Every structure is written in structure tokens, then in C-alpha cells.
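K.L.:
To be precise about what I am sending: the file is called target-v2.cif and holds mmCIF, C-alpha atoms.
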data_run
loop_
_atom_site.group_PDB
_atom_site.id
_atom_site.type_symbol
_atom_site.label_atom_id
_atom_site.label_comp_id
_atom_site.auth_asym_id
_atom_site.auth_seq_id
_atom_site.Cartn_x
_atom_site.Cartn_y
_atom_site.Cartn_z
ATOM 1 C CA MET X 30 -2.149 22.224 -11.560
ATOM 2 C CA ALA X 31 -1.375 22.009 -15.252
ATOM 3 C CA ASP X 32 -4.228 23.523 -17.312
ATOM 4 C CA SER X 33 -3.873 20.767 -19.905
ATOM 5 C CA ILE X 34 -4.920 18.020 -17.467
ATOM 6 C CA ARG X 35 -8.560 18.139 -16.383
ATOM 7 C CA THR X 36 -9.698 14.509 -16.549
ATOM 8 C CA VAL X 37 -7.600 11.470 -15.632
ATOM 9 C CA GLY X 38 -8.305 7.873 -16.596
ATOM 10 C CA VAL X 39 -7.143 5.059 -14.305
ATOM 11 C CA LEU X 40 -6.611 1.507 -15.533
ATOM 12 C CA THR X 41 -4.955 -1.733 -14.467
ATOM 13 C CA SER X 42 -3.353 -3.838 -17.153
ATOM 14 C CA GLY X 43 -1.683 -7.225 -17.565
ATOM 15 C CA GLY X 44 -1.626 -9.717 -14.714
ATOM 16 C CA ASP X 45 -3.483 -8.747 -11.553
ATOM 17 C CA ALA X 46 -1.476 -8.156 -8.386
ATOM 18 C CA PRO X 47 -2.453 -7.722 -4.721
ATOM 19 C CA GLY X 48 -2.211 -4.028 -3.875
ATOM 20 C CA MET X 49 -3.550 -2.756 -7.185
ATOM 21 C CA ASN X 50 -6.727 -1.674 -5.416
ATOM 22 C CA ALA X 51 -4.683 0.373 -2.968
ATOM 23 C CA ALA X 52 -3.057 2.123 -5.937
ATOM 24 C CA ILE X 53 -6.439 2.732 -7.604
ATOM 25 C CA ARG X 54 -7.881 4.135 -4.376
ATOM 26 C CA ALA X 55 -4.947 6.480 -3.803
ATOM 27 C CA SER X 56 -4.827 7.639 -7.421
ATOM 28 C CA VAL X 57 -8.545 8.416 -7.539
ATOM 29 C CA ARG X 58 -8.675 10.239 -4.211
ATOM 30 C CA GLU X 59 -5.501 12.255 -4.804
ATOM 31 C CA CYS X 60 -6.702 13.313 -8.251
ATOM 32 C CA ILE X 61 -10.032 14.466 -6.817
ATOM 33 C CA ASN X 62 -8.232 16.266 -3.981
ATOM 34 C CA ARG X 63 -6.372 18.225 -6.645
ATOM 35 C CA GLY X 64 -9.493 19.204 -8.567
ATOM 36 C CA LEU X 65 -9.259 16.626 -11.345
ATOM 37 C CA ARG X 66 -12.108 14.514 -12.662
ATOM 38 C CA VAL X 67 -11.485 10.763 -12.716
ATOM 39 C CA LYS X 68 -12.737 8.039 -15.024
ATOM 40 C CA GLY X 69 -12.164 4.369 -14.356
ATOM 41 C CA ILE X 70 -11.325 2.214 -17.355
ATOM 42 C CA GLN X 71 -12.442 -1.371 -16.900
ATOM 43 C CA ARG X 72 -10.502 -4.416 -18.189
ATOM 44 C CA GLY X 73 -7.337 -2.485 -19.053
ATOM 45 C CA TYR X 74 -6.498 -1.444 -22.602
ATOM 46 C CA SER X 75 -9.062 -3.915 -23.911
ATOM 47 C CA GLY X 76 -11.759 -2.083 -21.977
ATOM 48 C CA LEU X 77 -10.440 1.249 -23.225
ATOM 49 C CA LEU X 78 -10.826 0.101 -26.824
ATOM 50 C CA ASN X 79 -14.353 -1.106 -26.001
ATOM 51 C CA GLU X 80 -15.117 2.193 -24.210
ATOM 52 C CA GLU X 81 -15.829 0.509 -20.883
ATOM 53 C CA ILE X 82 -15.339 3.794 -19.056
ATOM 54 C CA ILE X 83 -17.058 4.889 -15.852
ATOM 55 C CA ASP X 84 -17.051 8.036 -13.728
ATOM 56 C CA MET X 85 -15.359 7.650 -10.355
ATOM 57 C CA ASP X 86 -15.558 9.609 -7.126
ATOM 58 C CA LYS X 87 -14.144 9.081 -3.647
ATOM 59 C CA HIS X 88 -17.015 6.762 -2.758
ATOM 60 C CA SER X 89 -16.152 4.548 -5.764
ATOM 61 C CA VAL X 90 -12.971 3.405 -4.010
ATOM 62 C CA SER X 91 -14.314 2.986 -0.468
ATOM 63 C CA ASP X 92 -13.536 -0.310 1.268
ATOM 64 C CA ILE X 93 -11.305 -1.715 -1.473
ATOM 65 C CA ILE X 94 -7.823 -1.375 0.023
ATOM 66 C CA GLN X 95 -8.015 -4.813 1.671
ATOM 67 C CA ARG X 96 -9.306 -6.616 -1.423
ATOM 68 C CA GLY X 97 -7.134 -8.688 -3.717
ATOM 69 C CA GLY X 98 -7.195 -8.390 -7.496
ATOM 70 C CA THR X 99 -8.407 -5.162 -9.090
ATOM 71 C CA ILE X 100 -11.896 -3.671 -8.944
ATOM 72 C CA LEU X 101 -11.390 -2.254 -12.439
ATOM 73 C CA GLY X 102 -10.563 -5.646 -13.899
ATOM 74 C CA THR X 103 -7.704 -6.387 -16.251
ATOM 75 C CA ALA X 104 -7.023 -8.170 -19.517
ATOM 76 C CA ARG X 105 -4.312 -8.736 -22.096
ATOM 77 C CA CYS X 106 -4.740 -6.655 -25.247
ATOM 78 C CA GLU X 107 -2.941 -7.629 -28.436
ATOM 79 C CA GLU X 108 -4.542 -4.720 -30.305
ATOM 80 C CA MET X 109 -2.403 -2.273 -28.330
ATOM 81 C CA ARG X 110 0.636 -3.792 -29.998
ATOM 82 C CA THR X 111 -0.556 -2.367 -33.315
ATOM 83 C CA GLU X 112 -0.457 1.202 -34.620
ATOM 84 C CA GLU X 113 -4.165 1.037 -35.409
ATOM 85 C CA GLY X 114 -5.001 -0.047 -31.874
ATOM 86 C CA VAL X 115 -2.957 2.751 -30.296
ATOM 87 C CA LEU X 116 -4.509 5.372 -32.582
ATOM 88 C CA GLU X 117 -7.998 4.128 -31.705
ATOM 89 C CA ALA X 118 -7.199 4.153 -27.976
ATOM 90 C CA ALA X 119 -5.906 7.730 -28.171
ATOM 91 C CA GLU X 120 -9.013 8.840 -30.066
ATOM 92 C CA ILE X 121 -11.272 7.200 -27.484
ATOM 93 C CA CYS X 122 -9.426 9.039 -24.712
ATOM 94 C CA ARG X 123 -10.009 12.328 -26.495
ATOM 95 C CA ARG X 124 -13.657 11.453 -27.107
ATOM 96 C CA HIS X 125 -14.140 10.929 -23.370
ATOM 97 C CA GLU X 126 -12.092 14.061 -22.580
ATOM 98 C CA ILE X 127 -9.392 11.995 -20.879
ATOM 99 C CA ASP X 128 -6.235 14.109 -20.912
ATOM 100 C CA GLY X 129 -4.009 11.711 -18.995
ATOM 101 C CA LEU X 130 -3.838 8.072 -17.942
ATOM 102 C CA ILE X 131 -2.558 6.445 -14.764
ATOM 103 C CA VAL X 132 -1.533 2.943 -15.788
ATOM 104 C CA ILE X 133 -0.938 0.305 -13.106
ATOM 105 C CA GLY X 134 0.891 -2.753 -14.430
ATOM 106 C CA GLY X 135 4.150 -4.148 -15.746
ATOM 107 C CA ASP X 136 6.463 -3.609 -18.695
ATOM 108 C CA GLY X 137 3.807 -4.484 -21.281
ATOM 109 C CA SER X 138 1.468 -1.936 -19.734
ATOM 110 C CA TYR X 139 4.220 0.674 -19.862
ATOM 111 C CA ARG X 140 4.778 0.031 -23.544
ATOM 112 C CA GLY X 141 1.132 0.782 -24.201
ATOM 113 C CA ALA X 142 1.428 3.924 -22.089
ATOM 114 C CA LEU X 143 4.511 5.030 -24.026
ATOM 115 C CA GLU X 144 2.721 4.630 -27.354
ATOM 116 C CA LEU X 145 -0.278 6.597 -26.106
ATOM 117 C CA SER X 146 2.030 9.336 -24.841
ATOM 118 C CA ARG X 147 3.425 9.624 -28.347
ATOM 119 C CA LYS X 148 -0.119 10.240 -29.533
ATOM 120 C CA GLY X 149 -0.638 13.112 -27.108
ATOM 121 C CA ILE X 150 -2.174 11.305 -24.113
ATOM 122 C CA ASN X 151 -0.072 11.944 -21.032
ATOM 123 C CA ALA X 152 0.618 8.695 -19.166
ATOM 124 C CA ILE X 153 1.992 7.954 -15.707
ATOM 125 C CA GLY X 154 2.958 4.361 -14.863
ATOM 126 C CA ILE X 155 2.809 2.586 -11.500
ATOM 127 C CA PRO X 156 4.730 -0.724 -11.140
ATOM 128 C CA GLY X 157 2.121 -3.374 -10.367
ATOM 129 C CA THR X 158 3.318 -6.949 -10.901
ATOM 130 C CA ILE X 159 4.059 -9.888 -8.619
ATOM 131 C CA ASP X 160 7.229 -10.703 -10.586
ATOM 132 C CA LEU X 161 9.421 -7.821 -9.281
ATOM 133 C CA ASP X 162 10.753 -7.475 -12.821
ATOM 134 C CA ILE X 163 10.381 -3.731 -13.450
ATOM 135 C CA ALA X 164 13.993 -2.661 -13.922
ATOM 136 C CA CYS X 165 13.550 0.965 -12.860
ATOM 137 C CA SER X 166 12.031 0.119 -9.466
ATOM 138 C CA ASP X 167 13.391 -1.751 -6.468
ATOM 139 C CA TYR X 168 9.846 -2.868 -5.631
ATOM 140 C CA THR X 169 6.679 -3.723 -7.516
ATOM 141 C CA ILE X 170 3.208 -3.808 -5.993
ATOM 142 C CA GLY X 171 2.042 -7.374 -5.344
ATOM 143 C CA PHE X 172 5.409 -9.054 -4.853
ATOM 144 C CA ASP X 173 5.314 -9.231 -1.057
ATOM 145 C CA THR X 174 1.861 -10.803 -0.928
ATOM 146 C CA ALA X 175 2.749 -13.294 -3.661
ATOM 147 C CA ILE X 176 5.932 -14.529 -2.010
ATOM 148 C CA ASN X 177 4.229 -14.886 1.362
ATOM 149 C CA THR X 178 1.383 -16.857 -0.233
ATOM 150 C CA ALA X 179 3.911 -19.113 -1.965
ATOM 151 C CA MET X 180 6.091 -19.447 1.133
ATOM 152 C CA GLN X 181 3.182 -20.645 3.250
ATOM 153 C CA ALA X 182 2.127 -23.160 0.598
ATOM 154 C CA ILE X 183 5.676 -24.490 0.283
ATOM 155 C CA ASP X 184 5.898 -24.944 4.062
ATOM 156 C CA LYS X 185 2.806 -27.132 3.889
ATOM 157 C CA VAL X 186 4.181 -29.205 1.025
ATOM 158 C CA ARG X 187 7.434 -29.639 2.967
ATOM 159 C CA ASP X 188 5.527 -31.166 5.895
ATOM 160 C CA THR X 189 4.074 -33.859 3.629
ATOM 161 C CA SER X 190 7.327 -34.309 1.734
ATOM 162 C CA SER X 191 9.181 -34.935 4.987
ATOM 163 C CA SER X 192 6.521 -37.328 6.301
ATOM 164 C CA HIS X 193 6.706 -39.448 3.145
ATOM 165 C CA GLU X 194 10.460 -38.948 2.601
ATOM 166 C CA ARG X 195 9.804 -37.559 -0.869
ATOM 167 C CA CYS X 196 11.389 -35.169 -3.268
ATOM 168 C CA SER X 197 9.007 -32.324 -4.078
ATOM 169 C CA ILE X 198 9.218 -30.003 -7.066
ATOM 170 C CA ILE X 199 7.196 -26.869 -6.364
ATOM 171 C CA GLU X 200 6.573 -24.586 -9.325
ATOM 172 C CA VAL X 201 6.084 -20.909 -8.591
ATOM 173 C CA MET X 202 5.205 -18.062 -10.945
ATOM 174 C CA GLY X 203 7.820 -16.150 -12.906
ATOM 175 C CA ARG X 204 7.918 -16.676 -16.663
ATOM 176 C CA ASN X 205 10.983 -14.574 -17.390
ATOM 177 C CA ALA X 206 12.045 -13.535 -13.903
ATOM 178 C CA GLY X 207 13.092 -15.777 -11.038
ATOM 179 C CA TYR X 208 12.601 -13.428 -8.093
ATOM 180 C CA ILE X 209 9.679 -15.337 -6.570
ATOM 181 C CA ALA X 210 11.602 -18.602 -6.897
ATOM 182 C CA LEU X 211 14.763 -17.093 -5.420
ATOM 183 C CA TRP X 212 13.064 -15.457 -2.452
ATOM 184 C CA CYS X 213 10.948 -18.508 -1.657
ATOM 185 C CA GLY X 214 13.891 -20.828 -2.200
ATOM 186 C CA ILE X 215 15.918 -18.982 0.423
ATOM 187 C CA ALA X 216 12.980 -18.374 2.780
ATOM 188 C CA ASN X 217 11.796 -21.995 2.612
ATOM 189 C CA GLY X 218 15.270 -23.551 2.821
ATOM 190 C CA ALA X 219 14.986 -25.315 -0.525
ATOM 191 C CA GLU X 220 17.711 -27.723 -1.576
ATOM 192 C CA ASP X 221 17.594 -26.619 -5.223
ATOM 193 C CA ILE X 222 16.328 -23.394 -6.823
ATOM 194 C CA LEU X 223 15.816 -23.265 -10.590
ATOM 195 C CA LEU X 224 15.732 -19.761 -12.073
ATOM 196 C CA PRO X 225 15.147 -18.790 -15.730
ATOM 197 C CA GLU X 226 18.173 -16.484 -15.521
ATOM 198 C CA LYS X 227 20.539 -19.136 -14.158
ATOM 199 C CA TYR X 228 19.365 -22.692 -14.869
ATOM 200 C CA ASP X 229 21.620 -24.696 -17.207
ATOM 201 C CA TYR X 230 19.131 -27.598 -17.665
ATOM 202 C CA ASP X 231 21.636 -30.098 -16.262
ATOM 203 C CA GLU X 232 19.289 -32.379 -14.323
ATOM 204 C CA GLN X 233 22.137 -34.682 -13.389
ATOM 205 C CA LYS X 234 23.352 -32.059 -10.918
ATOM 206 C CA ILE X 235 19.968 -32.146 -9.216
ATOM 207 C CA VAL X 236 19.944 -35.944 -9.186
ATOM 208 C CA ASP X 237 23.429 -36.029 -7.662
ATOM 209 C CA ASN X 238 22.408 -33.484 -5.020
ATOM 210 C CA ILE X 239 19.344 -35.524 -4.053
ATOM 211 C CA ILE X 240 21.336 -38.745 -3.756
ATOM 212 C CA ASN X 241 24.123 -37.076 -1.784
ATOM 213 C CA ASN X 242 21.647 -35.480 0.631
ATOM 214 C CA ARG X 243 19.875 -38.795 1.160
ATOM 215 C CA LYS X 244 23.201 -40.462 1.989
ATOM 216 C CA HIS X 245 23.720 -37.819 4.673
ATOM 217 C CA GLY X 246 20.333 -38.517 6.239
ATOM 218 C CA LYS X 247 18.187 -35.887 4.563
ATOM 219 C CA ARG X 248 14.594 -37.207 4.611
ATOM 220 C CA HIS X 249 13.166 -34.931 1.960
ATOM 221 C CA HIS X 250 14.285 -32.665 -0.877
ATOM 222 C CA ILE X 251 12.595 -29.441 -1.966
ATOM 223 C CA ILE X 252 13.132 -28.050 -5.455
ATOM 224 C CA ILE X 253 11.690 -24.608 -6.244
ATOM 225 C CA ASN X 254 11.106 -24.365 -9.976
ATOM 226 C CA ALA X 255 10.216 -21.116 -11.739
ATOM 227 C CA GLU X 256 7.330 -21.081 -14.196
ATOM 228 C CA GLY X 257 9.687 -20.001 -16.976
ATOM 229 C CA ILE X 258 11.456 -23.345 -16.752
ATOM 230 C CA GLY X 259 8.252 -25.298 -16.160
ATOM 231 C CA HIS X 260 7.726 -28.975 -17.061
ATOM 232 C CA SER X 261 7.667 -29.798 -13.346
ATOM 233 C CA THR X 262 5.552 -32.943 -13.753
ATOM 234 C CA SER X 263 7.794 -34.523 -16.387
ATOM 235 C CA MET X 264 10.867 -33.432 -14.423
ATOM 236 C CA ALA X 265 9.471 -35.226 -11.371
ATOM 237 C CA ARG X 266 9.063 -38.434 -13.359
ATOM 238 C CA ARG X 267 12.636 -38.270 -14.624
ATOM 239 C CA ILE X 268 14.090 -37.562 -11.184
ATOM 240 C CA GLU X 269 12.124 -40.412 -9.600
ATOM 241 C CA ALA X 270 13.370 -42.789 -12.291
ATOM 242 C CA ALA X 271 16.970 -41.658 -11.786
ATOM 243 C CA THR X 272 17.008 -41.676 -7.971
ATOM 244 C CA GLY X 273 14.438 -44.289 -7.006
ATOM 245 C CA ILE X 274 12.975 -41.699 -4.615
ATOM 246 C CA GLU X 275 9.288 -40.844 -4.838
ATOM 247 C CA THR X 276 9.028 -37.420 -6.452
ATOM 248 C CA ARG X 277 5.944 -35.256 -6.756
ATOM 249 C CA ALA X 278 5.283 -31.984 -8.553
ATOM 250 C CA THR X 279 3.078 -29.228 -7.145
ATOM 251 C CA ILE X 280 2.209 -26.237 -9.330
ATOM 252 C CA LEU X 281 1.053 -23.314 -7.203
ATOM 253 C CA GLY X 282 -0.233 -21.341 -10.186
ATOM 254 C CA TYR X 283 -2.625 -18.431 -9.902
ATOM 255 C CA MET X 284 -3.172 -18.740 -6.170
ATOM 256 C CA GLN X 285 -0.047 -16.570 -5.918
ATOM 257 C CA ARG X 286 -1.896 -13.648 -7.527
ATOM 258 C CA GLY X 287 -4.843 -13.732 -5.158
ATOM 259 C CA GLY X 288 -5.591 -12.925 -1.567
ATOM 260 C CA SER X 289 -5.770 -9.854 0.607
ATOM 261 C CA PRO X 290 -2.654 -7.716 0.046
ATOM 262 C CA SER X 291 0.002 -7.502 2.726
ATOM 263 C CA CYS X 292 0.681 -4.310 4.672
ATOM 264 C CA LYS X 293 3.707 -3.644 2.439
ATOM 265 C CA ASP X 294 1.649 -3.890 -0.758
ATOM 266 C CA ARG X 295 -1.123 -1.709 0.646
ATOM 267 C CA PHE X 296 1.463 0.848 1.777
ATOM 268 C CA TYR X 297 3.414 1.053 -1.466
ATOM 269 C CA GLY X 298 0.238 0.851 -3.542
ATOM 270 C CA SER X 299 -1.081 3.876 -1.643
ATOM 271 C CA ILE X 300 2.170 5.852 -1.771
ATOM 272 C CA MET X 301 2.810 5.162 -5.462
ATOM 273 C CA GLY X 302 -0.809 5.784 -6.444
ATOM 274 C CA SER X 303 -0.836 9.106 -4.618
ATOM 275 C CA ARG X 304 2.475 10.149 -6.156
ATOM 276 C CA ALA X 305 1.259 9.282 -9.661
ATOM 277 C CA ALA X 306 -1.718 11.596 -9.220
ATOM 278 C CA GLN X 307 0.524 14.366 -7.867
ATOM 279 C CA ILE X 308 2.828 14.058 -10.869
ATOM 280 C CA MET X 309 -0.123 14.207 -13.238
ATOM 281 C CA ALA X 310 -1.533 17.306 -11.519
ATOM 282 C CA GLU X 311 1.880 18.986 -11.562
ATOM 283 C CA GLY X 312 1.972 18.653 -15.327
ATOM 284 C CA LYS X 313 4.854 16.198 -15.579
ATOM 285 C CA GLN X 314 4.582 14.075 -18.686
ATOM 286 C CA ASN X 315 5.117 10.421 -19.480
ATOM 287 C CA ARG X 316 6.685 9.276 -16.224
ATOM 288 C CA VAL X 317 6.960 6.078 -14.214
ATOM 289 C CA VAL X 318 6.729 6.090 -10.420
ATOM 290 C CA ALA X 319 9.422 3.929 -8.841
ATOM 291 C CA LEU X 320 11.048 3.014 -5.546
ATOM 292 C CA GLN X 321 14.798 3.549 -5.646
ATOM 293 C CA LYS X 322 17.013 3.241 -2.563
ATOM 294 C CA GLY X 323 14.059 3.753 -0.271
ATOM 295 C CA GLU X 324 12.767 6.867 -2.002
ATOM 296 C CA ILE X 325 9.772 7.336 -4.310
ATOM 297 C CA VAL X 326 11.002 8.873 -7.559
ATOM 298 C CA ASP X 327 9.701 9.341 -11.090
ATOM 299 C CA ILE X 328 11.557 8.745 -14.339
ATOM 300 C CA ASP X 329 10.828 8.940 -18.054
ATOM 301 C CA ILE X 330 8.800 5.979 -19.389
ATOM 302 C CA GLU X 331 11.103 5.441 -22.352
ATOM 303 C CA GLU X 332 14.156 5.473 -20.114
ATOM 304 C CA ALA X 333 12.460 3.005 -17.760
ATOM 305 C CA LEU X 334 11.738 0.576 -20.574
ATOM 306 C CA GLN X 335 15.357 0.620 -21.715
ATOM 307 C CA MET X 336 16.647 -0.438 -18.296
ATOM 308 C CA GLN X 337 17.688 -4.044 -17.681
ATOM 309 C CA LYS X 338 17.313 -6.023 -14.469
ATOM 310 C CA SER X 339 19.025 -9.226 -13.417
ATOM 311 C CA ILE X 340 19.146 -11.500 -10.388
ATOM 312 C CA PRO X 341 21.665 -10.091 -7.877
ATOM 313 C CA GLU X 342 24.662 -12.401 -8.079
ATOM 314 C CA TYR X 343 25.367 -12.320 -4.349
ATOM 315 C CA GLN X 344 21.798 -13.385 -3.543
ATOM 316 C CA TYR X 345 22.076 -16.297 -5.952
ATOM 317 C CA GLU X 346 25.421 -17.345 -4.467
ATOM 318 C CA ILE X 347 23.933 -17.227 -0.954
ATOM 319 C CA SER X 348 21.038 -19.414 -2.081
ATOM 320 C CA ILE X 349 23.516 -22.057 -3.296
ATOM 321 C CA ALA X 350 25.705 -21.853 -0.188
ATOM 322 C CA LEU X 351 22.749 -22.251 2.174
ATOM 323 C CA SER X 352 21.317 -25.219 0.271
ATOM 324 C CA ARG X 353 24.433 -27.360 0.655
ATOM 325 C CA TYR X 354 23.935 -30.185 3.143
#
Kindly present the structure from the file in C-alpha cells form.
P.N.:
Amino acid sequence: MADSIRTVGVLTSGGDAPGMNAAIRASVRECINRGLRVKGIQRGYSGLLNEEIIDMDKHSVSDIIQRGGTILGTARCEEMRTEEGVLEAAEICRRHEIDGLIVIGGDGSYRGALELSRKGINAIGIPGTIDLDIACSDYTIGFDTAINTAMQAIDKVRDTSSSHERCSIIEVMGRNAGYIALWCGIANGAEDILLPEKYDYDEQKIVDNIINNRKHGKRHHIIINAEGIGHSTSMARRIEAATGIETRATILGYMQRGGSPSCKDRFYGSIMGSRAAQIMAEGKQNRVVALQKGEIVDIDIEEALQMQKSIPEYQYEISIALSRY
């Protein structure tokens, strides 16, 4: 164990994701197993700046692995985007004898971790976001639960859409990344999938597709729309006016963040959380835990933030091919 690390802070930041509790539990227990003290930081970086810091032991994380959300709470924190905020956060860590931080969250959380690392607070990141948009990792904690929640909801909307011979626009989460929309679009057999990375805002193509499908006997039409495109309600009005077919919008919203995490999210949350604690105890500095080609690896935070991720072209092409009627 590195002599410089004696006390580790654990926080969750940004949007909550199912499986974060599994990562907290594993991080806390693995740190304690390795002789480190652990402090839980409530409400993310905002809670750090407000010194909402508690001592944690193994009992603190009992019976949480099956719970959705995060027991530590989370919040957005604009102050961490400023030099003053980062300096204050680093000073608070030192005041509470926190030598290193395990940060569970997305890119924004990593940026805060990187800035703290530059101020002498070692930081290890764990990818926790339902959006699957961390470029350095093939998987992010929360994605599997979110897509299964959305998939089940879309199946239910399809039943009603078919009964009433409607067009349904179903908006799923994903402000800048269309992975939830793509996966659900393929898994739910949607006729159109609108992704922030690919959509050209040509609604006439959608209108033509709906009309053509109706001519061939299709009784309903499902459009999966990513949050980053949005405007589902007004889009529904325009499509109904253009096609004469009743069109409804359903926005799934934050229900996709909630619920008991799937086995996959509990598993990867546990594995990644444990690995983060191991890395911290080994004295590695400023790393991100990631899944790459089936293996758990760790890479430099700065390198991770410079990576870019895009929708796999072949998956997008398959989604189009399978939606043709």
C-alpha cells in the first residue's frame, strides 16, 4: 500500500445511475480490506464544497447493492468548473485528511477529478452513467438497467399504438449520445430511430416512411427519439398533420434512471468499484477504471478525457436495414 494514501473519499457525481450503489459498496469494502479509512461525500462535488462528509465502514454499505440511485446522493456543481471551486475542494479534502478520491460518474465528474488531481488530490474514476458515452470504456454502469427499463415501457406503448393504429414517438434519454435510442430502437423493432449523432432533421423522410408502411398494411409506427433531438410533442403534431394518422408522443424521462439495477450493473459496479480501490491502495495516480475488450483496465484520466466515441456505423446501418418494411 502506498504510504501517501491513508484516507479515501468516495463520491457519486452527475446523473444517478443504477449500479452506483454496487460501486460504492465495493469501493468502501475493498478500501477497508486494504487498511484504508473511508469517508463518504454526500451530494457529489457540491457536498464536498459544503463539507457533507461522513465516516464509512463495512456496515455503512450493507444491503445497498439491490437499490437504485445512490445512497450518497448526487448533484450538479457549477463551482467545480471554476479555479476557486477546485482550490476550495482540494483544501477541504486536506482538512478532512482525504488523500484520494474515488469518483463515480461521467465525463463531467472526471473533469472535476482531473482538476483535483492537479491540486495534489489523487483521483480514481469509475464510469457511472446510463448514456454509455464514456469513450475510454466499452461499458458504463447503469446502461443495462436503463435500456431494459426503456425497452419494457416501449413494448407497452407499442401495444396501445397497435390497438389504435397510431404513430407513437417515444423519447428516451441521451442528450448528446444516442446509445439508448439505438439499442432500444433495434430491440423494440422501431420503424424510425432518431439519434443526435445521425439525425438530419428531414421530417419528410419520416412522413414518407409512415405513409409507405401504412400502404403495406402496417397498423402502427414506432419512432424512438433521443432526448438530444427532443421536441417530441411538436413533432407528433406535425407528423399527424402531414399523414392524417393519429400521432402521440410519450416522454419516458427520469424513469430510465431509477429502479433496482440489473445483474450486469451490479456485477460491473462491484468489479469496477473493487478495482478502483485496489488501484488507489497500490499507489497509482489519477486513473480511470474501464472495460475494454472484456477486460478491466485503468488508464490516465487526461488521456481518457481526450478520447472520442461515436455510434458504431455498422450498428446504425443494421438499425436502418431492419426497420424497412
K.L.:
Selected by the PyMOL selection byres ((chain X and resi 186) around 12) in the shown coordinates: which residues, as a PyMOL selection string?
P.N.:
chain X and resi 179-185+187-200+217+219+249-253+277-281
K.L.:
Kindly extract all protein, DNA and RNA residues lying within 12 Å of the coordinates (-20.0, 7.7, -21.9) given in the file, considering only C-alpha atoms, and supply them as JSON, numbers by chain.
P.N.:
{"X": [68, 69, 70, 77, 79, 80, 81, 82, 83, 84, 121, 122, 123, 124, 125, 126, 127]}
K.L.:
Near Ser56 in chain X, counting only C-alpha atoms, which residues have an atom at most 7 Å away, once you skip same-chain residues fewer than 2 positions from it, shown as a compact mmCIF listing (two decimals) with C-alpha atoms, keeping the file's coordinate frame?
P.N.:
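That gives us out.txt:
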# COMPACT_ATOMS: atom_id res chain seq x y z
CA ALA X 52 -3.06 2.12 -5.94
CA ILE X 53 -6.44 2.73 -7.60
CA ARG X 54 -7.88 4.14 -4.38
CA ARG X 58 -8.68 10.24 -4.21
CA GLU X 59 -5.50 12.26 -4.80
CA CYS X 60 -6.70 13.31 -8.25
CA GLY X 302 -0.81 5.78 -6.44
CA SER X 303 -0.84 9.11 -4.62
CA ALA X 305 1.26 9.28 -9.66
CA ALA X 306 -1.72 11.60 -9.22
K.L.:
Residues at most 12 Å from Gln335 in chain X, counting only C-alpha atoms, excluding those fewer than 2 positions away in the same chain, as JSON, numbers by chain?
P.N.:
{"X": [136, 139, 140, 143, 163, 164, 165, 328, 329, 330, 331, 332, 333, 337, 338]}
K.L.:
Ile235 in chain X: which residues within 10 Å, counting all atoms listed in the file, same-chain residues fewer than 4 positions away excluded, as a ChimeraX atom specification?
P.N.:
/X:220-223,230-231,239-241,252,268
K.L.:
May I ask which of the residues X:Ile274, X:Arg72, X:Ile258, X:Met264 is the closest one to Gln233 in chain X, counting all atoms listed in the file?
P.N.:
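The answer is X:Met264, which sits nearest to Gln233 in chain X.
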K.L.:
Kindly reconstruct range 71-83 of chain X with N, CA and C atoms and present the result as a tab-separated table (two decimals), in the coordinates of the input.
P.N.:
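That gives us selection-v5.tsv:
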chain	number	residue	atom	x	y	z
X	71	GLN	N	-12.32	0.03	-17.30
X	71	GLN	CA	-12.44	-1.37	-16.90
X	71	GLN	C	-11.75	-2.29	-17.90
X	72	ARG	N	-11.16	-3.37	-17.38
X	72	ARG	CA	-10.50	-4.42	-18.19
X	72	ARG	C	-9.33	-3.86	-19.03
X	73	GLY	N	-8.58	-2.93	-18.44
X	73	GLY	CA	-7.34	-2.48	-19.05
X	73	GLY	C	-7.49	-1.84	-20.42
X	74	TYR	N	-6.46	-2.04	-21.26
X	74	TYR	CA	-6.50	-1.44	-22.60
X	74	TYR	C	-7.62	-2.04	-23.45
X	75	SER	N	-7.95	-3.30	-23.19
X	75	SER	CA	-9.06	-3.92	-23.91
X	75	SER	C	-10.37	-3.18	-23.62
X	76	GLY	N	-10.57	-2.84	-22.35
X	76	GLY	CA	-11.76	-2.08	-21.98
X	76	GLY	C	-11.74	-0.66	-22.53
X	77	LEU	N	-10.54	-0.08	-22.63
X	77	LEU	CA	-10.44	1.25	-23.22
X	77	LEU	C	-10.90	1.21	-24.68
X	78	LEU	N	-10.44	0.21	-25.42
X	78	LEU	CA	-10.83	0.10	-26.82
X	78	LEU	C	-12.32	-0.19	-26.99
X	79	ASN	N	-12.91	-0.83	-25.98
X	79	ASN	CA	-14.35	-1.11	-26.00
X	79	ASN	C	-15.17	-0.01	-25.31
X	80	GLU	N	-14.49	1.05	-24.88
X	80	GLU	CA	-15.12	2.19	-24.21
X	80	GLU	C	-15.87	1.79	-22.95
X	81	GLU	N	-15.27	0.91	-22.18
X	81	GLU	CA	-15.83	0.51	-20.88
X	81	GLU	C	-15.30	1.49	-19.84
X	82	ILE	N	-15.86	2.67	-19.83
X	82	ILE	CA	-15.34	3.79	-19.06
X	82	ILE	C	-16.43	4.30	-18.12
X	83	ILE	N	-16.08	4.46	-16.86
X	83	ILE	CA	-17.06	4.89	-15.85
X	83	ILE	C	-16.53	6.10	-15.08
